[in-house]
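**Student:** The structure that follows is given in the form of structure tokens.
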Amino acid sequence: MNATASGGQTQQWNHRRPDDFLLVAVTYALIGVVIGPLLGKVAGVFVAFLIPFLDLGIIQSPMLRPEPQEWARFLPGYGVTKVLFDTGLTAHFDETGPLLMGFAWLVGLLILAGLVLSGGHSVHTRNEVG
């Protein structure tokens with residue numbers, strides 16, 4: 001945000017907050033939590049670095065294409081990138097749908113990560129008899 005403030009004109013400072021970045025960071029962290037136990041430690045780390053790079057760096061990048069392809073709208077980085085570009089380049093906020101999609105990814109991954117970490121089983125207490 002400091003680089004944006006020093007180098008350009010941001011149109012909507014009230015919507016450009018660190019929690020926009022936190023939303024995407026927690027989303028990709030939860031993807032790592034979900035795939036880590038499935039792929040193992042080393043492969044999980046590589047895939048956890050690869051997924052955000054492909055999504056944010058290539059598929060959602062405005063430098064490679066002006067608008068992402070239709071199927072890219074269902075990826076986790078779509079909502080956050082639309083919000084960041086909208087708040088930086090336009091005078092009014094009109095990206096509520098993509099923002100809600102970002103929150104839907106977050107909630108869905110929270111549920112999925114909870115299931116993965118709990119082993120898919122309910123918690124049972126064990127009664128030990130002396």
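The chains in the structure tokens are called A, B, ... from first to last as shown; in each chain the residues are counted from 1, and the ligands are counted from 1 in the order shown.
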If you count only C-alpha atoms, which residues fall within 12 Å of Leu110 (chain A), apart from same-chain ones fewer than 3 positions away, as a list in words?

**Tutor:**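 Returned residues: Val26, Thr27, Tyr28, Ala29, Leu30, Ile31, Gly32, Val33, Val34, Phe103, Ala104, Trp105, Leu106, Val107, Ala113, Gly114, Leu115, Val116 and Leu117 of chain A.
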
**Student:** Using only C-alpha atoms, which residues sit within 10 Å of Met101 (chain A) once same-chain residues fewer than 2 positions away are excluded, as a short mmCIF file (atom, residue, chain, number, x, y, z; two decimals) with N, CA and C atoms, in the first residue's frame?

**Tutor:**
```cif
data_model
loop_
_atom_site.label_atom_id
_atom_site.label_comp_id
_atom_site.auth_asym_id
_atom_site.auth_seq_id
_atom_site.Cartn_x
_atom_site.Cartn_y
_atom_site.Cartn_z
N ARG A 73 -13.19 -17.06 -13.11
CA ARG A 73 -14.03 -16.36 -12.14
C ARG A 73 -14.35 -17.22 -10.92
N PHE A 74 -14.12 -18.52 -11.02
CA PHE A 74 -14.42 -19.43 -9.91
C PHE A 74 -13.19 -19.78 -9.10
N LEU A 75 -12.07 -19.15 -9.37
CA LEU A 75 -10.84 -19.39 -8.61
C LEU A 75 -10.79 -18.47 -7.39
N PRO A 76 -10.02 -18.84 -6.38
CA PRO A 76 -10.01 -18.06 -5.13
C PRO A 76 -9.49 -16.64 -5.27
N GLY A 77 -8.61 -16.38 -6.22
CA GLY A 77 -8.03 -15.04 -6.34
C GLY A 77 -8.86 -14.06 -7.13
N TYR A 78 -9.92 -14.51 -7.78
CA TYR A 78 -10.69 -13.62 -8.65
C TYR A 78 -11.34 -12.48 -7.88
N GLY A 79 -12.04 -12.80 -6.80
CA GLY A 79 -12.77 -11.77 -6.07
C GLY A 79 -11.86 -10.70 -5.50
N VAL A 80 -10.76 -11.12 -4.92
CA VAL A 80 -9.86 -10.15 -4.29
C VAL A 80 -9.19 -9.28 -5.33
N THR A 96 -19.24 -5.91 -5.45
CA THR A 96 -19.78 -6.64 -4.30
C THR A 96 -19.83 -8.14 -4.57
N GLY A 97 -20.23 -8.54 -5.77
CA GLY A 97 -20.31 -9.96 -6.11
C GLY A 97 -18.98 -10.68 -5.97
N PRO A 98 -17.90 -10.17 -6.59
CA PRO A 98 -16.60 -10.81 -6.42
C PRO A 98 -16.11 -10.81 -4.97
N LEU A 99 -16.43 -9.75 -4.22
CA LEU A 99 -16.04 -9.73 -2.82
C LEU A 99 -16.75 -10.82 -2.03
N PHE A 103 -15.32 -14.19 0.07
CA PHE A 103 -15.73 -14.64 1.40
C PHE A 103 -16.30 -16.06 1.36
N ALA A 104 -16.98 -16.41 0.27
CA ALA A 104 -17.49 -17.78 0.12
C ALA A 104 -16.34 -18.79 0.06
N TRP A 105 -15.28 -18.44 -0.67
CA TRP A 105 -14.10 -19.30 -0.69
C TRP A 105 -13.54 -19.46 0.72
N LEU A 106 -13.47 -18.38 1.45
CA LEU A 106 -12.91 -18.42 2.81
C LEU A 106 -13.75 -19.32 3.71
N VAL A 107 -15.05 -19.17 3.70
CA VAL A 107 -15.92 -19.98 4.56
C VAL A 107 -15.88 -21.45 4.14
#
```
